[in-house]
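Report on one structure; see the data block that follows.
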Amino acid sequence: MSVIAEHLAKKYSNGVWGAIDVNFSADKSRITVLLGPNGAGKTTTVGMLTTLLKPTKGRALIEGYSTVDNVWKVRNLIALCPQDIRVDGNWSPWDALKGYLMIRGLSSGEAMEESEKYLKLLDLWTIRKTPAIALSGGQRKRIAVAMVLASDVPVVFLDEPSSGLDVEARYIVWKSLREEAKKGKTIILTTHDMKEAEILGDYVVMIGKGKTVAQGTPEELKHRIPYTHKIVVKNARKLPIKEHIDLGDRKVIYVRGKEEAMELAEKIEATSIGIEEITLEDAYLYLVGGVANGEN
Amino acid sequence: MGKIKGVAYLASRWIRRQPMWLVQDLFIVLGFALLMFVWGGINGLRNVLVAWFISGAWGMGINLVAQSIGWDKQQKITDMFIASPVKPFHYVFGYFISSLIFLVADFLYMLILIVYLNAWSIVLASLIAVAPLLLISNLVGLSIVMRIKKPTNISAVTNPLQMMLIILPPVFYPASILPETARYFVLLIPTAASAEIARQLSGLSSWHNLWYPTVILAGWVILGILASSRVVKWGME
């Protein structure tokens with residue numbers, strides 16, 4: 001395994017626990033998604049894995065090296081795109097990549113060559129000489145993503161890389177991440193976007209309240225809940241079932257099998273009734289939030 | 001070396017994009033030289049040379065390097081550097097090198113004056129005096145910006161501190177004009193101590209007590225190391 005997190009926990013100096021018990025492993029050529037709500041402990045976990053933070057308990061290994069005992073070995077093997085990174089306004093995309101790659105050991109010429117590839121991959125080539133201050137927030141974020149992807153390291157961490165990106169930019173980032181994973185890199189990213197986790201992730205680690213709640217491939221996680229379908233009802237006049245999720249004028253009912261869904265749908269009176277397959281979001285709500293479990 | 005070059009490359013981009021800062025520096029150097037000449041004649045011009053070396057060195061650490069590093073921290077760029085092979089020395093030294101352009105520019109602006117006055121002994125004495133001051137200004141600057149939580153406070157704190165310690169204490173004027181008791185007091189300020197060393201070494205001061213400002217600067221170096229080592233952390237927090 002390329003990355004191993006074992007019972008990782010972090011207590012900050014103000015006494016707050018950022019993470020309590022995070023366990024997972026990530027393999028090469030795979031995108032591992034740390035999925036969880038805001039404040040779940042995703043960024044703290046990434047901080048411990050990238051040597052920004054020292055774990056209070058547990059241990060983390062990167063390519064077999066401990067993040068505490070072999071800090072500099074680990075730092076040679078990783079690259080991080082932090083959450084809320086704001087690329088310096090005076091850097092053009094080309095400056096940013098060239099400088100960062102020089103820092104990572106490439107000569108000026110090599111850095112220029114490598115930068116070109118990644119500027120094109122992240123669709124930044126046409127604006128390569130424009131200072132970041134004149135670029136949009138999304139373009140600046142893509143510069144940061146390009147910087148870490150261009151690094152010749154086996155493990156790449158991206159903390160919410162697509163937050164604040166429009167749909168088109170998000171797809172560009174996703175495509176580039178998939179291509180890098182194909183090359184054999186271990187990619188670990190955090191998100192609270194279920195769709196992103198489902199589409200992009202080869203392996204999803206659900207984190208809630210500082211703990212690993214569930215992990216597996218998106219398909220495995222979907223199968224972990226006892227439902228296969230859900231009925232989404234708009235403006236229900238008659239709802240012959242007590243257990244449902246109340247979203248105001250919409251109700252969501254989870255069922256086991258399509259037949260059960262069809263049968264139940266016939267008894268419901270409403271403006272519209274839709275039957276859908278379970279998504280990762282439903283699995284997430286069930287496993288992390290306990291919503292579908294009737295806890296909310 | 002590549003890491004330092006990389007940091008210096010990134011850190012110098014703002015100067016390349018905003019070269020007018022260097023032009024502003026030229027007018028300040030010229031303006032002060034004129035002022036000092038009008039009020040102090042040739043002796044005033046000799047003193048302004050010392051003052052510019054001290055002012056440049058102090059501003060470089062407390063303002064340029066510290067501010068840039070403070071902004072990096074706020075913009076999370078530092079986190080990117082921590083999770084890389086860059087060591088704190090590469091990082092700070094990269095910024096230091098990129099900021100040297102201001103010292104070089106000031107030197108070039110003063111070159112006509114230096115040649116005209118044949119003031120090479122003042123240049124040499126000033127260079128000796130600014131070496132510890134550069135270290136102090138960087139250490140003190142870092143220990144201040146690393147404690148600042150609000151990004152808007154970075155310039156608000158470092159700019160006045162830079163100006164205050166250049167304009168008020170005896171940097172543009174010699175400490176020897178002050179009564180001896182007051183002299184011991186004001187030379188506790190690193191910029192004043194450094195200027196006094198330069199003046200004594202170049203014969204511009206009528207006071208002969210090199211030990212006192214030297215000990216003060218040594219004290220500031222130790223204080224700077226202690227203060228910065230408490231707040232400058234490179235990950236693993």
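Residue numbering restarts at 1 for every chain of the structure tokens, chains are lettered A, B, ... in their displayed order, and ligands are numbered from 1 as they appear.
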
Once you count only C-alpha atoms, which residues of chain B turn out to be within 9 Å of chain A? Could you give them as a VMD selection string?
chain B and resid 2 to 10 13 to 18 71 to 72 74 to 77 79 to 87 234 to 237

I want to know what sits within 6 Å of stretch 194-198 of chain B, based on only C-alpha atoms, with residues of the same chain fewer than 2 positions away left out; could you give that as a ChimeraX atom specification?
/B:125-126,129,171,191-192,200-201

Atoms kept (N, CA and C atoms) for selection, written as an mmCIF file, in the first residue's frame:
```cif
data_model
loop_
_atom_site.group_PDB
_atom_site.id
_atom_site.type_symbol
_atom_site.label_atom_id
_atom_site.label_comp_id
_atom_site.auth_asym_id
_atom_site.auth_seq_id
_atom_site.Cartn_x
_atom_site.Cartn_y
_atom_site.Cartn_z
ATOM 1 N N ALA B 125 32.573 50.044 5.591
ATOM 2 C CA ALA B 125 32.153 50.068 7.002
ATOM 3 C C ALA B 125 30.663 49.756 7.110
ATOM 4 N N SER B 126 29.874 50.308 6.190
ATOM 5 C CA SER B 126 28.421 50.078 6.227
ATOM 6 C C SER B 126 28.091 48.612 5.938
ATOM 7 N N ALA B 129 28.640 46.645 8.972
ATOM 8 C CA ALA B 129 27.608 46.910 9.985
ATOM 9 C C ALA B 129 26.252 46.313 9.615
ATOM 10 N N VAL B 171 19.900 57.183 12.863
ATOM 11 C CA VAL B 171 20.308 56.457 11.655
ATOM 12 C C VAL B 171 20.710 57.476 10.589
ATOM 13 N N THR B 191 18.883 49.335 14.714
ATOM 14 C CA THR B 191 19.243 50.177 13.562
ATOM 15 C C THR B 191 20.250 51.250 13.983
ATOM 16 N N ALA B 192 20.045 51.818 15.170
ATOM 17 C CA ALA B 192 20.944 52.867 15.669
ATOM 18 C C ALA B 192 22.317 52.275 15.974
ATOM 19 N N GLN B 200 31.497 54.727 13.230
ATOM 20 C CA GLN B 200 32.780 54.642 13.945
ATOM 21 C C GLN B 200 33.855 54.017 13.054
ATOM 22 N N LEU B 201 33.480 52.975 12.324
ATOM 23 C CA LEU B 201 34.471 52.304 11.452
ATOM 24 C C LEU B 201 34.936 53.210 10.314
#
```

10 Å contact set for B:Ala105, only C-alpha atoms, chain neighbours under 5 positions out, as an MDAnalysis selection string
chainID B and resid 22:23 25:26 56 100 110:111

Got time to write the residues from that selection, N, CA, C and O atoms, as a compact mmCIF listing (two decimals), in the first residue's frame?
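To be explicit, this is the file written out as result07.txt:
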```txt
# COMPACT_ATOMS: atom_id res chain seq x y z
N LEU B 22 10.91 50.04 -7.53
CA LEU B 22 12.33 50.39 -7.63
C LEU B 22 12.49 51.86 -8.00
O LEU B 22 13.42 52.53 -7.54
N VAL B 23 11.55 52.36 -8.81
CA VAL B 23 11.59 53.77 -9.20
C VAL B 23 11.28 54.64 -7.98
O VAL B 23 11.92 55.66 -7.74
N ASP B 25 11.93 53.92 -4.98
CA ASP B 25 13.14 53.88 -4.16
C ASP B 25 14.16 54.92 -4.62
O ASP B 25 14.80 55.58 -3.81
N LEU B 26 14.26 55.07 -5.95
CA LEU B 26 15.21 56.03 -6.51
C LEU B 26 14.88 57.45 -6.03
O LEU B 26 15.76 58.20 -5.60
N GLY B 56 18.11 50.17 4.14
CA GLY B 56 17.86 49.09 3.18
C GLY B 56 17.87 47.72 3.86
O GLY B 56 16.98 46.89 3.62
N LEU B 100 17.24 41.06 -2.35
CA LEU B 100 18.53 41.76 -2.47
C LEU B 100 18.51 42.80 -3.58
O LEU B 100 19.29 43.75 -3.55
N MET B 110 23.16 55.17 -5.41
CA MET B 110 24.11 55.95 -4.60
C MET B 110 25.50 56.01 -5.23
O MET B 110 26.36 56.73 -4.75
N LEU B 111 25.68 55.20 -6.28
CA LEU B 111 27.03 55.03 -6.83
C LEU B 111 27.68 56.36 -7.25
O LEU B 111 28.86 56.59 -6.96
```

What parts of stretch 43-134 of chain A does DSSP call alpha helix (DSSP H)? I'd like the answer as a PyMOL selection string.
chain A and resi 43-49+71-77+93-103+108-121

Please, could you write that set of residues out with N, CA, C and O atoms as a short mmCIF file (atom, residue, chain, number, x, y, z; two decimals), in the first residue's frame?
```cif
data_model
loop_
_atom_site.label_atom_id
_atom_site.label_comp_id
_atom_site.auth_asym_id
_atom_site.auth_seq_id
_atom_site.Cartn_x
_atom_site.Cartn_y
_atom_site.Cartn_z
N THR A 43 -9.42 17.57 6.38
CA THR A 43 -8.23 18.41 6.23
C THR A 43 -7.20 18.09 7.31
O THR A 43 -6.00 18.07 7.04
N THR A 44 -7.68 17.80 8.51
CA THR A 44 -6.75 17.41 9.59
C THR A 44 -6.03 16.12 9.21
O THR A 44 -4.82 16.00 9.40
N THR A 45 -6.77 15.18 8.63
CA THR A 45 -6.16 13.92 8.21
C THR A 45 -5.09 14.16 7.14
O THR A 45 -3.98 13.64 7.24
N VAL A 46 -5.45 14.99 6.15
CA VAL A 46 -4.47 15.32 5.10
C VAL A 46 -3.26 16.02 5.73
O VAL A 46 -2.11 15.74 5.38
N GLY A 47 -3.50 16.90 6.68
CA GLY A 47 -2.41 17.59 7.38
C GLY A 47 -1.46 16.60 8.04
O GLY A 47 -0.23 16.76 7.97
N MET A 48 -2.00 15.56 8.66
CA MET A 48 -1.13 14.56 9.31
C MET A 48 -0.38 13.72 8.28
O MET A 48 0.77 13.35 8.50
N LEU A 49 -1.04 13.44 7.17
CA LEU A 49 -0.38 12.62 6.14
C LEU A 49 0.71 13.39 5.39
O LEU A 49 1.62 12.79 4.82
N VAL A 71 10.39 12.35 8.31
CA VAL A 71 9.70 13.53 7.75
C VAL A 71 10.25 13.93 6.38
O VAL A 71 9.50 14.12 5.42
N TRP A 72 11.58 14.03 6.27
CA TRP A 72 12.15 14.54 5.01
C TRP A 72 12.06 13.53 3.88
O TRP A 72 11.91 13.90 2.72
N LYS A 73 12.09 12.24 4.21
CA LYS A 73 11.88 11.21 3.17
C LYS A 73 10.46 11.36 2.62
O LYS A 73 10.24 11.34 1.42
N VAL A 74 9.52 11.53 3.56
CA VAL A 74 8.11 11.65 3.16
C VAL A 74 7.91 12.90 2.30
O VAL A 74 7.25 12.85 1.27
N ARG A 75 8.51 14.01 2.73
CA ARG A 75 8.32 15.27 1.99
C ARG A 75 8.86 15.20 0.56
O ARG A 75 8.42 15.94 -0.30
N ASN A 76 9.82 14.31 0.35
CA ASN A 76 10.33 14.11 -1.01
C ASN A 76 9.36 13.34 -1.88
O ASN A 76 9.47 13.36 -3.10
N LEU A 77 8.45 12.61 -1.23
CA LEU A 77 7.57 11.71 -1.97
C LEU A 77 6.18 12.26 -2.22
O LEU A 77 5.37 11.63 -2.88
N PRO A 93 0.58 31.52 -14.61
CA PRO A 93 0.58 30.05 -14.51
C PRO A 93 1.96 29.47 -14.82
O PRO A 93 2.42 28.54 -14.15
N TRP A 94 2.62 30.04 -15.80
CA TRP A 94 3.94 29.52 -16.18
C TRP A 94 4.97 29.75 -15.07
O TRP A 94 5.74 28.85 -14.72
N ASP A 95 4.96 30.95 -14.51
CA ASP A 95 5.86 31.24 -13.39
C ASP A 95 5.66 30.23 -12.26
O ASP A 95 6.62 29.70 -11.70
N ALA A 96 4.38 30.03 -11.91
CA ALA A 96 4.05 29.18 -10.76
C ALA A 96 4.58 27.76 -10.96
O ALA A 96 5.23 27.20 -10.07
N LEU A 97 4.33 27.22 -12.14
CA LEU A 97 4.77 25.84 -12.39
C LEU A 97 6.28 25.74 -12.48
O LEU A 97 6.90 24.85 -11.90
N LYS A 98 6.86 26.71 -13.19
CA LYS A 98 8.32 26.67 -13.37
C LYS A 98 9.02 26.77 -12.00
O LYS A 98 9.89 25.95 -11.68
N GLY A 99 8.62 27.75 -11.21
CA GLY A 99 9.24 27.93 -9.90
C GLY A 99 9.05 26.73 -9.00
O GLY A 99 10.00 26.27 -8.35
N TYR A 100 7.84 26.20 -8.98
CA TYR A 100 7.55 25.07 -8.10
C TYR A 100 8.34 23.82 -8.52
O TYR A 100 8.84 23.08 -7.68
N LEU A 101 8.47 23.63 -9.82
CA LEU A 101 9.22 22.46 -10.30
C LEU A 101 10.72 22.62 -10.05
O LEU A 101 11.43 21.63 -9.84
N MET A 102 11.20 23.87 -10.08
CA MET A 102 12.62 24.10 -9.74
C MET A 102 12.85 23.75 -8.27
O MET A 102 13.85 23.14 -7.91
N ILE A 103 11.87 24.12 -7.45
CA ILE A 103 11.95 23.77 -6.02
C ILE A 103 12.01 22.26 -5.85
O ILE A 103 12.69 21.75 -4.98
N SER A 108 16.00 24.80 -14.69
CA SER A 108 15.10 25.79 -15.27
C SER A 108 14.52 25.29 -16.60
O SER A 108 13.32 25.41 -16.86
N GLY A 109 15.37 24.71 -17.43
CA GLY A 109 14.94 24.21 -18.75
C GLY A 109 13.96 23.05 -18.63
O GLY A 109 12.92 23.02 -19.30
N GLU A 110 14.30 22.11 -17.75
CA GLU A 110 13.41 20.95 -17.54
C GLU A 110 12.06 21.41 -17.00
O GLU A 110 11.01 20.89 -17.39
N ALA A 111 12.13 22.38 -16.09
CA ALA A 111 10.88 22.88 -15.49
C ALA A 111 9.98 23.52 -16.54
O ALA A 111 8.76 23.33 -16.51
N MET A 112 10.60 24.25 -17.48
CA MET A 112 9.82 24.88 -18.55
C MET A 112 9.12 23.82 -19.40
O MET A 112 7.94 23.93 -19.72
N GLU A 113 9.89 22.77 -19.72
CA GLU A 113 9.35 21.71 -20.58
C GLU A 113 8.18 20.99 -19.91
O GLU A 113 7.14 20.78 -20.52
N GLU A 114 8.39 20.64 -18.65
CA GLU A 114 7.37 19.91 -17.90
C GLU A 114 6.13 20.80 -17.68
O GLU A 114 5.01 20.31 -17.74
N SER A 115 6.39 22.07 -17.42
CA SER A 115 5.28 23.01 -17.18
C SER A 115 4.34 23.03 -18.38
O SER A 115 3.12 23.04 -18.23
N GLU A 116 4.91 23.06 -19.57
CA GLU A 116 4.12 23.15 -20.80
C GLU A 116 3.06 22.04 -20.85
O GLU A 116 1.90 22.29 -21.13
N LYS A 117 3.51 20.81 -20.51
CA LYS A 117 2.60 19.65 -20.56
C LYS A 117 1.40 19.87 -19.65
O LYS A 117 0.26 19.64 -20.02
N TYR A 118 1.70 20.31 -18.43
CA TYR A 118 0.63 20.41 -17.44
C TYR A 118 -0.23 21.67 -17.62
O TYR A 118 -1.40 21.68 -17.26
N LEU A 119 0.37 22.70 -18.19
CA LEU A 119 -0.44 23.89 -18.49
C LEU A 119 -1.47 23.53 -19.56
O LEU A 119 -2.61 23.99 -19.52
N LYS A 120 -1.05 22.68 -20.50
CA LYS A 120 -1.97 22.24 -21.55
C LYS A 120 -3.02 21.29 -20.96
O LYS A 120 -4.20 21.39 -21.27
N LEU A 121 -2.58 20.38 -20.10
CA LEU A 121 -3.50 19.41 -19.50
C LEU A 121 -4.60 20.09 -18.70
O LEU A 121 -5.75 19.69 -18.74
#
```

Give me the residues within 12 Å of B:Ile148 as a PyMOL selection string, counting only C-alpha atoms and dropping any in the same chain fewer than 5 places off.
chain B and resi 66-67+69-71+73-74+141-143+153-158+231-232

Where in stretch 58-147 of chain A does DSSP assign strand (DSSP E or B), given as a list in words?
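So, restricting stretch 58-147 of chain A to strand (DSSP E or B), we get Gly58, Arg59, Ala60, Leu61, Ile62, Tyr65, Ser66, Ile78, Ala79, Leu80 and Cys81 of chain A.
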
Selected residue, from A:Glu196, A:Asp123, A:Glu219, A:Glu260, that lies nearest to A:Ile231 when counting only C-alpha atoms:
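Checking each candidate against A:Ile231, we get A:Glu260 as the closest.
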
Which residue out of B:Phe96, B:Trp120, B:Tyr212, B:Phe89 has the minimum interatomic distance to B:Ile62 when only C-alpha atoms are used?
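Of all the options, B:Phe96 lies closest to B:Ile62.
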
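Neighbours of B:Ser206 closer than or equal to 10 Å, with only C-alpha atoms counted and sequence neighbours fewer than 3 positions away skipped, come out as Pro174, Ala175, Ser176, Ile177, Arg199, Gln200, Gly203 and Asn209 of chain B.
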
For atom CA of A:Leu8 and atom CA of A:Leu61, quote the distance in Å rounded to one decimal.
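Value for the atom CA of A:Leu8-atom CA of A:Leu61 distance: 10.9 Å.
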
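When only C-alpha atoms are used to measure the gap to B:Ile128, the shortest distance among B:Met163, B:Ile54, B:Met1, B:Ala182 belongs to B:Ile54.
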
Have a look at A:Tyr65, A:Tyr203, A:Trp17, A:Tyr254 and name the one nearest to A:Glu220; count only C-alpha atoms.
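So, comparing all the options, the nearest one is A:Tyr203.
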
Calculated over only C-alpha atoms, which of the candidates A:Gly58, A:Tyr286, A:Ile225, A:Lys141 has the smallest distance to A:Asp166?
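Checking each of A:Gly58, A:Tyr286, A:Ile225, A:Lys141 against A:Asp166, counting only C-alpha atoms, the winner is A:Lys141.
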
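The space between atom CA of A:Arg128 and atom CA of A:Arg142 spans 11.7 Å.
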
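Using only C-alpha atoms, the residues found no farther than 7 Å from A:Val233, other than those of its own chain fewer than 4 positions away, are A:Arg250, A:Lys251, A:Val252, A:Ala270, A:Ser272, A:Ile273, A:Gly274.
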
May I have the residues within 8 Å of B:Ala227 as a list of chain:residue names, using only C-alpha atoms and disregarding those fewer than 3 positions away in the same chain?
B:Leu139, B:Val140, B:Ser143, B:Leu223, B:Gly224, B:Arg230, B:Val231

Would you put the residues from that selection into a file with C-alpha atoms, as a short mmCIF file (atom, residue, chain, number, x, y, z; two decimals), in the first residue's frame?
```cif
data_model
loop_
_atom_site.label_atom_id
_atom_site.label_comp_id
_atom_site.auth_asym_id
_atom_site.auth_seq_id
_atom_site.Cartn_x
_atom_site.Cartn_y
_atom_site.Cartn_z
CA LEU B 139 14.63 37.09 12.51
CA VAL B 140 12.62 39.87 14.15
CA SER B 143 8.89 36.36 14.70
CA LEU B 223 16.92 37.60 20.97
CA GLY B 224 15.90 37.26 17.32
CA ARG B 230 9.30 29.86 19.10
CA VAL B 231 6.97 30.75 16.24
#
```

Atomic distance atom CA of A:Lys195 - atom CA of A:Leu149, expressed in Å with one decimal:
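For atom CA of A:Lys195 relative to atom CA of A:Leu149, the distance reads 22.0 Å.
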
From the options A:Ile20, A:Ala283, A:Leu35, A:Leu158, which residue's atoms come nearest to A:Thr191, counting only C-alpha atoms?
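Distance minimum relative to A:Thr191 lands on A:Leu35.
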